[in-house]
$ cat query.tsv   # TSV, C-alpha atoms and all ligand atoms
chain	number	residue	atom	x	y	z
A	257	MET	CA	29.53	-24.74	-126.60
A	258	SER	CA	31.34	-26.35	-123.66
A	259	LYS	CA	28.11	-28.24	-122.82
A	260	LEU	CA	28.49	-30.13	-126.12
A	261	PHE	CA	31.48	-31.94	-124.66
A	262	ASP	CA	30.23	-32.10	-121.08
A	263	LEU	CA	30.18	-35.61	-119.56
A	264	ASP	CA	28.93	-34.63	-116.12
A	265	GLY	CA	26.76	-37.43	-114.68
A	266	LYS	CA	27.89	-39.97	-117.30
A	267	VAL	CA	29.50	-43.32	-116.43
A	268	ALA	CA	32.29	-44.60	-118.69
A	269	LEU	CA	33.59	-48.17	-118.70
A	270	ILE	CA	37.13	-48.35	-120.11
A	271	THR	CA	38.72	-51.75	-120.67
A	272	GLY	CA	42.48	-51.57	-120.26
A	273	GLY	CA	42.05	-48.20	-118.56
A	274	ASN	CA	45.05	-48.71	-116.28
A	275	SER	CA	47.81	-48.02	-118.84
A	276	GLY	CA	48.81	-46.15	-121.99
A	277	ILE	CA	46.03	-45.05	-124.33
A	278	GLY	CA	43.27	-46.33	-122.00
A	279	GLU	CA	44.63	-44.23	-119.16
A	280	GLY	CA	44.86	-41.22	-121.50
A	281	ILE	CA	41.19	-41.71	-122.45
A	282	ALA	CA	40.22	-42.16	-118.77
A	283	ASN	CA	41.89	-38.82	-117.97
A	284	GLY	CA	40.10	-37.11	-120.85
A	285	LEU	CA	36.63	-38.42	-119.98
A	286	ALA	CA	37.13	-37.73	-116.27
A	287	ALA	CA	38.28	-34.18	-117.03
A	288	ALA	CA	34.97	-33.73	-118.90
A	289	GLY	CA	33.13	-34.87	-115.75
A	290	ALA	CA	32.48	-38.60	-116.30
A	291	ASP	CA	32.68	-41.17	-113.53
A	292	ILE	CA	35.03	-43.95	-114.59
A	293	VAL	CA	35.13	-47.76	-114.37
A	294	ILE	CA	38.55	-49.23	-115.12
A	295	ALA	CA	38.44	-52.88	-116.19
A	296	ALA	CA	41.74	-54.73	-116.59
A	297	ARG	CA	43.63	-57.76	-115.24
A	298	ASP	CA	46.29	-56.12	-113.06
A	299	THR	CA	44.32	-55.10	-109.94
A	300	LYS	CA	47.18	-53.23	-108.28
A	301	LYS	CA	47.89	-51.11	-111.34
A	302	SER	CA	44.17	-50.40	-111.80
A	303	ASN	CA	43.76	-49.33	-108.16
A	304	GLN	CA	46.70	-46.93	-108.45
A	305	VAL	CA	45.35	-45.32	-111.61
A	306	ALA	CA	41.84	-45.12	-110.09
A	307	ALA	CA	43.17	-43.26	-107.04
A	308	THR	CA	45.12	-40.81	-109.21
A	309	LEU	CA	42.09	-40.13	-111.44
A	310	GLU	CA	39.83	-39.47	-108.44
A	311	GLN	CA	42.28	-37.07	-106.91
A	312	ARG	CA	43.06	-35.24	-110.15
A	313	HIS	CA	39.52	-34.85	-111.50
A	314	GLN	CA	37.24	-35.07	-108.43
A	315	VAL	CA	35.07	-37.77	-110.05
A	316	ASN	CA	34.11	-41.26	-108.82
A	317	VAL	CA	36.32	-44.06	-110.10
A	318	ILE	CA	36.19	-47.82	-109.48
A	319	SER	CA	38.47	-50.54	-110.76
A	320	LEU	CA	37.35	-54.06	-111.56
A	321	THR	CA	39.56	-57.06	-112.22
A	322	VAL	CA	38.56	-58.35	-115.63
A	323	ASP	CA	40.12	-60.46	-118.36
A	324	VAL	CA	38.24	-59.53	-121.54
A	325	SER	CA	39.22	-62.84	-123.14
A	326	ASN	CA	37.12	-64.55	-120.45
A	327	GLU	CA	33.39	-64.33	-121.18
A	328	ASP	CA	32.41	-65.01	-117.54
A	329	ASP	CA	34.40	-61.94	-116.42
A	330	ILE	CA	32.56	-59.79	-118.97
A	331	ILE	CA	29.12	-61.15	-118.06
A	332	ALA	CA	29.80	-60.28	-114.40
A	333	LEU	CA	30.58	-56.63	-115.23
A	334	PRO	CA	27.12	-54.95	-115.36
A	335	ASP	CA	26.14	-56.16	-111.86
A	336	GLN	CA	29.54	-55.17	-110.46
A	337	ILE	CA	29.19	-51.71	-111.97
A	338	ARG	CA	25.62	-51.34	-110.66
A	339	ASN	CA	26.93	-51.94	-107.12
A	340	ARG	CA	28.42	-48.44	-107.38
A	341	PHE	CA	26.80	-46.66	-110.32
A	342	GLU	CA	23.26	-46.93	-111.69
A	343	LYS	CA	24.12	-47.13	-115.35
A	344	ILE	CA	26.65	-47.37	-118.15
A	345	ASP	CA	26.61	-44.53	-120.71
A	346	ILE	CA	29.96	-44.97	-122.45
A	347	LEU	CA	31.92	-48.11	-123.32
A	348	VAL	CA	35.54	-47.82	-124.47
A	349	ASN	CA	36.92	-51.12	-125.81
A	350	ASN	CA	40.61	-50.40	-125.47
A	351	ALA	CA	42.13	-53.59	-123.97
A	352	GLY	CA	44.54	-55.06	-126.47
A	353	VAL	CA	47.59	-57.28	-126.91
A	354	ASN	CA	50.02	-58.01	-129.72
A	355	ILE	CA	52.27	-61.01	-130.41
A	356	ARG	CA	54.94	-60.15	-132.96
A	357	LYS	CA	56.19	-63.04	-135.11
A	358	MET	CA	56.01	-64.24	-138.70
A	359	PRO	CA	52.64	-65.79	-139.62
A	360	GLU	CA	54.16	-69.22	-140.20
A	361	ASP	CA	55.45	-69.26	-136.61
A	362	PHE	CA	52.12	-68.51	-134.90
A	363	SER	CA	50.65	-71.25	-132.74
A	364	SER	CA	46.91	-71.71	-132.62
A	365	ALA	CA	46.92	-70.65	-128.95
A	366	GLU	CA	48.80	-67.41	-129.77
A	367	TRP	CA	46.35	-66.61	-132.56
A	368	ASP	CA	43.43	-67.19	-130.17
A	369	GLN	CA	44.97	-65.02	-127.44
A	370	VAL	CA	45.22	-62.00	-129.74
A	371	ILE	CA	41.84	-62.48	-131.43
A	372	ASP	CA	40.02	-63.33	-128.17
A	373	THR	CA	41.36	-60.21	-126.44
A	374	ASN	CA	41.23	-57.63	-129.22
A	375	LEU	CA	38.20	-58.73	-131.23
A	376	LYS	CA	36.02	-61.23	-129.36
A	377	GLY	CA	36.52	-59.30	-126.10
A	378	THR	CA	35.34	-56.12	-127.83
A	379	PHE	CA	32.29	-57.84	-129.30
A	380	LEU	CA	31.33	-59.50	-126.00
A	381	CYS	CA	31.72	-56.24	-124.06
A	382	CYS	CA	29.46	-54.50	-126.61
A	383	LYS	CA	26.88	-57.30	-126.49
A	384	THR	CA	26.91	-57.51	-122.68
A	385	MET	CA	26.66	-53.72	-122.11
A	386	TYR	CA	24.03	-53.31	-124.87
A	387	PRO	CA	20.95	-53.22	-122.57
A	388	ASP	CA	22.53	-50.44	-120.47
A	389	LEU	CA	23.79	-48.55	-123.52
A	390	ALA	CA	20.36	-48.78	-125.16
A	391	LYS	CA	18.72	-47.39	-122.03
A	392	ALA	CA	21.22	-44.51	-121.96
A	393	GLY	CA	21.32	-43.79	-125.71
A	394	GLY	CA	25.00	-44.46	-125.17
A	395	LYS	CA	28.33	-44.29	-126.91
A	396	VAL	CA	30.81	-47.02	-127.88
A	397	ILE	CA	34.43	-46.25	-128.76
A	398	ASN	CA	36.45	-49.15	-130.14
A	399	ILE	CA	40.21	-48.97	-130.49
A	400	GLY	CA	41.65	-50.13	-133.79
A	401	SER	CA	45.10	-49.39	-135.19
A	402	MET	CA	46.92	-48.34	-138.34
A	403	THR	CA	47.06	-52.12	-138.90
A	404	SER	CA	43.26	-51.90	-139.31
A	405	VAL	CA	44.18	-50.80	-142.84
A	406	PHE	CA	47.92	-51.53	-143.33
A	407	GLY	CA	49.56	-54.94	-143.59
A	408	SER	CA	52.59	-55.77	-141.45
A	409	ALA	CA	54.73	-58.91	-141.66
A	410	LYS	CA	54.86	-59.74	-137.97
A	411	THR	CA	51.33	-58.79	-136.89
A	412	ALA	CA	49.03	-61.20	-138.75
A	413	ALA	CA	46.76	-61.91	-135.79
A	414	TYR	CA	46.86	-58.33	-134.50
A	415	SER	CA	46.13	-56.85	-137.96
A	416	ALA	CA	43.31	-59.34	-138.51
A	417	SER	CA	41.77	-58.38	-135.17
A	418	LYS	CA	42.15	-54.64	-135.77
A	419	GLY	CA	40.86	-54.77	-139.35
A	420	ALA	CA	37.81	-56.56	-138.02
A	421	ILE	CA	37.32	-53.83	-135.41
A	422	VAL	CA	36.54	-51.37	-138.23
A	423	GLN	CA	33.89	-53.65	-139.72
A	424	LEU	CA	32.47	-54.57	-136.30
A	425	THR	CA	32.19	-50.86	-135.56
A	426	ARG	CA	30.24	-50.26	-138.78
A	427	SER	CA	27.93	-53.23	-138.20
A	428	LEU	CA	27.12	-52.31	-134.60
A	429	ALA	CA	26.58	-48.68	-135.62
A	430	VAL	CA	23.99	-49.75	-138.18
A	431	ALA	CA	22.35	-52.29	-135.87
A	432	TRP	CA	22.06	-50.01	-132.85
A	433	ALA	CA	21.21	-46.67	-134.47
A	434	LYS	CA	17.58	-47.51	-133.58
A	435	ASP	CA	18.64	-47.36	-129.92
A	436	HIS	CA	20.38	-43.99	-130.38
A	437	ILE	CA	23.74	-45.63	-129.65
A	438	GLN	CA	26.68	-44.26	-131.64
A	439	VAL	CA	29.52	-46.71	-132.30
A	440	ASN	CA	32.83	-45.33	-133.58
A	441	ALA	CA	36.50	-46.28	-133.55
A	442	LEU	CA	39.81	-44.52	-132.98
A	443	LEU	CA	42.80	-45.86	-134.93
A	444	PRO	CA	46.03	-44.97	-133.09
A	445	GLY	CA	49.27	-44.44	-134.98
A	446	TRP	CA	52.64	-44.95	-133.29
A	447	ILE	CA	51.98	-44.12	-129.64
A	448	ASP	CA	54.55	-44.11	-126.85
A	449	THR	CA	53.11	-46.73	-124.44
A	450	PRO	CA	54.29	-50.02	-122.86
A	451	LEU	CA	52.89	-51.83	-125.94
A	452	THR	CA	55.47	-50.24	-128.27
A	453	VAL	CA	58.53	-50.55	-126.00
A	454	GLY	CA	59.43	-53.91	-127.62
A	455	SER	CA	59.26	-52.48	-131.15
A	456	ARG	CA	61.56	-49.62	-130.21
A	457	GLN	CA	64.08	-52.09	-128.81
A	458	THR	CA	63.85	-54.47	-131.80
A	459	PHE	CA	64.07	-51.70	-134.41
A	460	PRO	CA	66.67	-49.11	-133.39
A	461	THR	CA	65.81	-46.92	-136.40
A	462	LEU	CA	62.08	-46.85	-135.59
A	463	ASN	CA	62.31	-43.57	-133.75
A	464	GLU	CA	63.98	-41.82	-136.67
A	465	HIS	CA	61.53	-43.39	-139.16
A	466	ILE	CA	58.51	-42.15	-137.21
A	467	GLU	CA	59.87	-38.64	-136.75
A	468	GLN	CA	60.52	-38.45	-140.52
A	469	ARG	CA	57.32	-40.01	-141.88
A	470	CYS	CA	54.83	-38.65	-139.37
A	471	PRO	CA	53.86	-35.10	-140.45
A	472	ALA	CA	53.52	-34.15	-136.79
A	473	GLY	CA	57.19	-35.17	-136.44
A	474	ARG	CA	56.74	-37.12	-133.23
A	475	TRP	CA	55.30	-40.17	-131.47
A	476	GLY	CA	51.76	-39.88	-130.16
A	477	THR	CA	51.12	-39.83	-126.43
A	478	PRO	CA	48.22	-41.18	-124.32
A	479	GLU	CA	47.16	-37.54	-123.78
A	480	ASP	CA	46.54	-37.21	-127.54
A	481	PHE	CA	43.47	-39.45	-127.08
A	482	ALA	CA	41.71	-37.30	-124.49
A	483	GLY	CA	40.17	-34.94	-127.07
A	484	PRO	CA	39.07	-37.43	-129.75
A	485	ALA	CA	37.61	-39.77	-127.09
A	486	THR	CA	35.73	-36.92	-125.39
A	487	PHE	CA	34.26	-35.91	-128.77
A	488	LEU	CA	33.09	-39.48	-129.48
A	489	ALA	CA	31.75	-39.93	-125.92
A	490	SER	CA	29.79	-36.68	-125.88
A	491	LYS	CA	26.72	-35.08	-127.42
A	492	ALA	CA	29.10	-33.37	-129.87
A	493	SER	CA	29.20	-36.60	-131.92
A	494	ASP	CA	25.48	-37.51	-131.88
A	495	PHE	CA	25.32	-37.57	-135.73
A	496	VAL	CA	28.63	-39.45	-136.16
A	497	THR	CA	28.42	-43.24	-136.20
A	498	GLY	CA	30.20	-46.19	-137.81
A	499	GLU	CA	33.25	-43.97	-138.33
A	500	SER	CA	36.92	-44.85	-137.77
A	501	ILE	CA	39.21	-41.89	-137.07
A	502	PHE	CA	42.99	-42.05	-137.31
A	503	VAL	CA	44.77	-40.47	-134.34
A	504	ASP	CA	48.27	-40.68	-135.76
A	505	GLY	CA	49.65	-37.18	-136.40
A	506	GLY	CA	49.03	-37.78	-140.12
A	507	TYR	CA	51.30	-40.87	-140.37
A	508	SER	CA	48.75	-42.80	-142.44
A	509	GLN	CA	48.35	-39.87	-144.87
A	510	SER	CA	52.02	-39.56	-145.67
A	511	THR	CA	54.83	-41.45	-147.42
A	512	LEU	CA	58.57	-41.07	-147.06
A	513	ILE	CA	58.85	-40.10	-150.75
A	514	ILE	CA	58.82	-36.33	-151.16
B	1	LIG	N1	50.64	-47.95	-128.61
B	1	LIG	C1	50.39	-47.96	-129.89
B	1	LIG	O1	51.23	-47.51	-130.70
B	1	LIG	C2	49.10	-48.51	-130.42
B	1	LIG	C3	48.88	-48.42	-131.82
B	1	LIG	C4	47.70	-48.91	-132.32
B	1	LIG	C5	46.71	-49.46	-131.50
B	1	LIG	N2	46.95	-49.53	-130.14
B	1	LIG	C6	45.87	-50.11	-129.33
B	1	LIG	O2	45.58	-49.28	-128.22
B	1	LIG	C7	45.08	-50.09	-127.16
B	1	LIG	C8	45.84	-49.77	-125.89
B	1	LIG	O3	47.22	-50.10	-126.08
B	1	LIG	P1	48.41	-49.33	-125.37
B	1	LIG	O4	49.35	-48.96	-126.41
B	1	LIG	O5	47.88	-48.31	-124.44
B	1	LIG	O6	49.09	-50.55	-124.59
B	1	LIG	P2	49.28	-50.88	-123.04
B	1	LIG	O7	49.80	-49.69	-122.32
B	1	LIG	O8	50.03	-52.15	-123.04
B	1	LIG	O9	47.79	-51.12	-122.54
B	1	LIG	C9	47.07	-52.29	-122.83
B	1	LIG	C10	45.93	-52.34	-121.84
B	1	LIG	O10	45.12	-53.48	-122.14
B	1	LIG	C11	44.89	-54.19	-120.94
B	1	LIG	N3	44.68	-55.59	-121.29
B	1	LIG	C12	45.46	-56.39	-122.06
B	1	LIG	N4	44.93	-57.63	-122.14
B	1	LIG	C13	43.79	-57.59	-121.41
B	1	LIG	C14	42.80	-58.55	-121.10
B	1	LIG	N5	42.85	-59.81	-121.57
B	1	LIG	N6	41.75	-58.18	-120.32
B	1	LIG	C15	41.67	-56.91	-119.84
B	1	LIG	N7	42.57	-55.96	-120.10
B	1	LIG	C16	43.62	-56.30	-120.87
B	1	LIG	C17	46.14	-53.95	-120.08
B	1	LIG	O11	45.88	-54.08	-118.69
B	1	LIG	P3	46.22	-55.40	-117.84
B	1	LIG	O12	47.57	-55.87	-118.28
B	1	LIG	O13	46.16	-54.95	-116.41
B	1	LIG	O14	45.13	-56.36	-118.18
B	1	LIG	C18	46.41	-52.50	-120.42
B	1	LIG	O15	45.63	-51.65	-119.60
B	1	LIG	C19	45.21	-51.53	-127.61
B	1	LIG	O16	43.98	-51.98	-128.12
B	1	LIG	C20	46.23	-51.46	-128.74
B	1	LIG	O17	46.10	-52.50	-129.66
B	1	LIG	C21	48.10	-49.07	-129.59

$ encode --input "query.tsv" --output "structure tokens"
Amino acid sequence: MSKLFDLDGKVALITGGNSGIGEGIANGLAAAGADIVIAARDTKKSNQVAATLEQRHQVNVISLTVDVSNEDDIIALPDQIRNRFEKIDILVNNAGVNIRKMPEDFSSAEWDQVIDTNLKGTFLCCKTMYPDLAKAGGKVINIGSMTSVFGSAKTAAYSASKGAIVQLTRSLAVAWAKDHIQVNALLPGWIDTPLTVGSRQTFPTLNEHIEQRCPAGRWGTPEDFAGPATFLASKASDFVTGESIFVDGGYSQSTLII
């Protein structure tokens, strides 16, 4: 049974693996035996997380400085990874940003920043890693959000990008089933990471709201992603593709009305 979830000998590329949910996923995949490539912009932060992962899990970890909104950075990735590892088995498209403001106040540049990072960056990583993933019969895990399905006044660009992640996931799953690549998405609920610090400060009642509405009665943590990501990265999910799974403690299944 444990072999179903075993990632020994696999290589996992995780964009945004130096913080929050990406770091939680990196810990989960490394605990299952995978070697890890962290790809993010902040080199110092990535190096620190890489060192901690290596020490904690006794796997090989490298960090690469990458801006996923820059196509040249993405195109350079496979050769950089091959300098250390021979292949790429698992791609986790986790890098993401949000700009919170009313739709009428968005500049064109702000819209592009969110879409280029969250959506175009995900697509270009998938397209660029495709030859390696096809060789491996690999796994892709995209990170969506509750805003993949819910509307929210101040997240027009973010919601548009995350809604599209669900449809991109389905389309790639259908296109690449012939290559034995499974493409799935995780949709996080309210997770305690640097990304949500601003929301907690802007909305003092947010904490209370989440504890009341979320059946699990709490915020999610980066560690909550270790299990679902390991499932989607492993043999255990070989017949699961095109799927989007909420990881939200049941928040999306519940209302405040009893
Ligand atoms: N926290 C939540 O409640 C929540 C809910 C729904 C969905 N999500 C999604 O979960 C993912 C991770 O978010 P998080 O909450 O863990 O936030 P976080 O701690 O702020 O992490 C974001 C990560 O993305 C990286 N990143 C941002 N822009 C990048 C770029 N252009 N190129 C490369 N890397 C980039 C950051 O690293 P650098 O700054 O070093 O580049 C960082 O590692 C995101 O896709 C987010 O939309 C989070």

$ atom_distance --input "query.tsv" --atom1 "CA of Gly280 (chain A)" --atom2 "CA of Gly506 (chain A)"
19.4 Å

$ closest_residue --input "query.tsv" --among "A:Leu375, A:Ala409, A:Leu269, A:Val503" --to "Cys470 (chain A)" --atoms "all atoms listed in the file"
A:Val503

$ residues_near_ligand --input "query.tsv" --ligand "ligand LIG 1 (chain B)" --cutoff "7 Å" --atoms "all atoms listed in the file" --output "PyMOL selection string"
chain A and resi 271-278+295-299+301-302+322-325+350-354+373-374+399-402+443-452

$ atom_distance --input "query.tsv" --atom1 "CA of Val496 (chain A)" --atom2 "CA of Asp345 (chain A)"
16.4 Å

$ closest_residue --input "query.tsv" --among "A:Leu263, A:Val348, A:Val396, A:Val305" --to "Gly289 (chain A)" --atoms "all atoms listed in the file"
A:Leu263

$ closest_residue --input "query.tsv" --among "A:Ser455, A:Asn398, A:Thr384, A:Thr308" --to "Asn349 (chain A)" --atoms "only C-alpha atoms"
A:Asn398

$ atom_distance --input "query.tsv" --atom1 "CA of Leu462 (chain A)" --atom2 "CA of Arg474 (chain A)"
11.3 Å

$ closest_residue --input "query.tsv" --among "A:Leu380, A:Ala268, A:Val439, A:Val315" --to "Asp328 (chain A)" --atoms "all atoms listed in the file"
A:Leu380

$ closest_residue --input "query.tsv" --among "A:Thr378, A:Ser363, A:Gln314, A:Ser490" --to "Ala413 (chain A)" --atoms "only C-alpha atoms"
A:Ser363

$ residues_near_point --input "query.tsv" --point "(40.3, -57.4, -134.4)" --cutoff "9 Å" --atoms "all atoms listed in the file" --output "short mmCIF file (atom, residue, chain, number, x, y, z; two decimals) with C-alpha atoms, in the frame of the given file"
data_model
loop_
_atom_site.label_atom_id
_atom_site.label_comp_id
_atom_site.auth_asym_id
_atom_site.auth_seq_id
_atom_site.Cartn_x
_atom_site.Cartn_y
_atom_site.Cartn_z
CA VAL A 370 45.22 -62.00 -129.74
CA ILE A 371 41.84 -62.48 -131.43
CA ASP A 372 40.02 -63.33 -128.17
CA THR A 373 41.36 -60.21 -126.44
CA ASN A 374 41.23 -57.63 -129.22
CA LEU A 375 38.20 -58.73 -131.23
CA LYS A 376 36.02 -61.23 -129.36
CA THR A 378 35.34 -56.12 -127.83
CA GLY A 400 41.65 -50.13 -133.79
CA SER A 404 43.26 -51.90 -139.31
CA ALA A 413 46.76 -61.91 -135.79
CA TYR A 414 46.86 -58.33 -134.50
CA SER A 415 46.13 -56.85 -137.96
CA ALA A 416 43.31 -59.34 -138.51
CA SER A 417 41.77 -58.38 -135.17
CA LYS A 418 42.15 -54.64 -135.77
CA GLY A 419 40.86 -54.77 -139.35
CA ALA A 420 37.81 -56.56 -138.02
CA ILE A 421 37.32 -53.83 -135.41
CA VAL A 422 36.54 -51.37 -138.23
CA LEU A 424 32.47 -54.57 -136.30
#

$ closest_residue --input "query.tsv" --among "A:Lys383, A:Ala390, A:Arg338, A:Gly498" --to "Ser427 (chain A)" --atoms "all atoms listed in the file"
A:Gly498

$ residues_near_point --input "query.tsv" --point "(59.6, -62.7, -133.7)" --cutoff "12 Å" --atoms "only C-alpha atoms" --output "VMD selection string"
chain A and resid 354 to 362 409 to 412 454 to 455 458 to 459

$ write_last_selection --input "query.tsv" --atoms "C-alpha atoms" --output "PDB file, keeping the file's coordinate frame"
ATOM      1  CA  ASN A 354      50.020 -58.010-129.720  1.00  0.00           C
ATOM      2  CA  ILE A 355      52.270 -61.010-130.410  1.00  0.00           C
ATOM      3  CA  ARG A 356      54.940 -60.150-132.960  1.00  0.00           C
ATOM      4  CA  LYS A 357      56.190 -63.040-135.110  1.00  0.00           C
ATOM      5  CA  MET A 358      56.010 -64.240-138.700  1.00  0.00           C
ATOM      6  CA  PRO A 359      52.640 -65.790-139.620  1.00  0.00           C
ATOM      7  CA  GLU A 360      54.160 -69.220-140.200  1.00  0.00           C
ATOM      8  CA  ASP A 361      55.450 -69.260-136.610  1.00  0.00           C
ATOM      9  CA  PHE A 362      52.120 -68.510-134.900  1.00  0.00           C
ATOM     10  CA  ALA A 409      54.730 -58.910-141.660  1.00  0.00           C
ATOM     11  CA  LYS A 410      54.860 -59.740-137.970  1.00  0.00           C
ATOM     12  CA  THR A 411      51.330 -58.790-136.890  1.00  0.00           C
ATOM     13  CA  ALA A 412      49.030 -61.200-138.750  1.00  0.00           C
ATOM     14  CA  GLY A 454      59.430 -53.910-127.620  1.00  0.00           C
ATOM     15  CA  SER A 455      59.260 -52.480-131.150  1.00  0.00           C
ATOM     16  CA  THR A 458      63.850 -54.470-131.800  1.00  0.00           C
ATOM     17  CA  PHE A 459      64.070 -51.700-134.410  1.00  0.00           C
TER      18      PHE A 459
END

$ residues_around --input "query.tsv" --residues "Ala282 (chain A)" --least-positions-apart "3" --cutoff "8 Å" --atoms "all atoms listed in the file" --output "NGL selection string"
:A and (270 or 273 or 278-279 or 285-286 or 292 or 309 or 482)

$ residues_around --input "query.tsv" --residues "Leu260 (chain A)" --least-positions-apart "3" --cutoff "9 Å" --atoms "only C-alpha atoms" --output "list in words"
Met257, Leu263, Phe487, Ser490, Lys491, Ala492 and Ser493 of chain A

$ axis_aligned_box --input "query.tsv" --around "region 389-405 of chain A" --padding-each-side "8 Å" --output "lines of an AutoDock Vina configuration file"
center_x = 32.9
center_y = -48.0
center_z = -132.4
size_x = 44.3
size_y = 24.3
size_z = 36.9

$ decode --input "query.tsv" --residues "region 325-345 of chain A" --atoms "N, CA and C atoms" --output "compact mmCIF listing (two decimals), in the first residue's frame"
# COMPACT_ATOMS: atom_id res chain seq x y z
N SER A 325 6.36 34.81 -14.84
CA SER A 325 5.72 35.71 -15.81
C SER A 325 6.70 36.09 -16.93
N ASN A 326 7.90 35.51 -16.87
CA ASN A 326 8.91 35.79 -17.90
C ASN A 326 9.18 34.50 -18.68
N GLU A 327 8.76 34.47 -19.94
CA GLU A 327 8.85 33.22 -20.72
C GLU A 327 10.29 32.74 -20.86
N ASP A 328 11.24 33.67 -20.98
CA ASP A 328 12.65 33.25 -21.13
C ASP A 328 13.12 32.47 -19.91
N ASP A 329 12.70 32.90 -18.71
CA ASP A 329 13.06 32.17 -17.48
C ASP A 329 12.52 30.74 -17.53
N ILE A 330 11.30 30.60 -18.02
CA ILE A 330 10.67 29.26 -18.05
C ILE A 330 11.38 28.37 -19.08
N ILE A 331 11.68 28.95 -20.23
CA ILE A 331 12.32 28.16 -21.29
C ILE A 331 13.70 27.66 -20.84
N ALA A 332 14.35 28.44 -19.96
CA ALA A 332 15.69 28.04 -19.48
C ALA A 332 15.63 26.90 -18.46
N LEU A 333 14.45 26.63 -17.91
CA LEU A 333 14.34 25.69 -16.78
C LEU A 333 14.79 24.24 -17.08
N PRO A 334 14.31 23.62 -18.18
CA PRO A 334 14.66 22.20 -18.37
C PRO A 334 16.17 21.96 -18.40
N ASP A 335 16.92 22.81 -19.09
CA ASP A 335 18.39 22.61 -19.13
C ASP A 335 19.00 22.82 -17.76
N GLN A 336 18.51 23.81 -17.02
CA GLN A 336 19.04 24.05 -15.66
C GLN A 336 18.78 22.85 -14.77
N ILE A 337 17.60 22.27 -14.91
CA ILE A 337 17.26 21.10 -14.08
C ILE A 337 18.12 19.91 -14.48
N ARG A 338 18.33 19.74 -15.79
CA ARG A 338 19.14 18.60 -16.26
C ARG A 338 20.60 18.68 -15.82
N ASN A 339 21.07 19.89 -15.46
CA ASN A 339 22.43 20.01 -14.91
C ASN A 339 22.58 19.18 -13.64
N ARG A 340 21.46 18.95 -12.93
CA ARG A 340 21.53 18.24 -11.67
C ARG A 340 20.76 16.92 -11.69
N PHE A 341 19.60 16.94 -12.33
CA PHE A 341 18.76 15.74 -12.38
C PHE A 341 18.56 15.36 -13.85
N GLU A 342 18.20 14.10 -14.09
CA GLU A 342 18.09 13.67 -15.50
C GLU A 342 16.71 13.91 -16.09
N LYS A 343 15.76 14.27 -15.26
CA LYS A 343 14.38 14.25 -15.74
C LYS A 343 13.48 15.12 -14.89
N ILE A 344 12.24 15.26 -15.35
CA ILE A 344 11.21 15.94 -14.56
C ILE A 344 9.98 15.03 -14.59
N ASP A 345 9.57 14.54 -13.42
CA ASP A 345 8.41 13.64 -13.34
C ASP A 345 7.14 14.37 -12.92
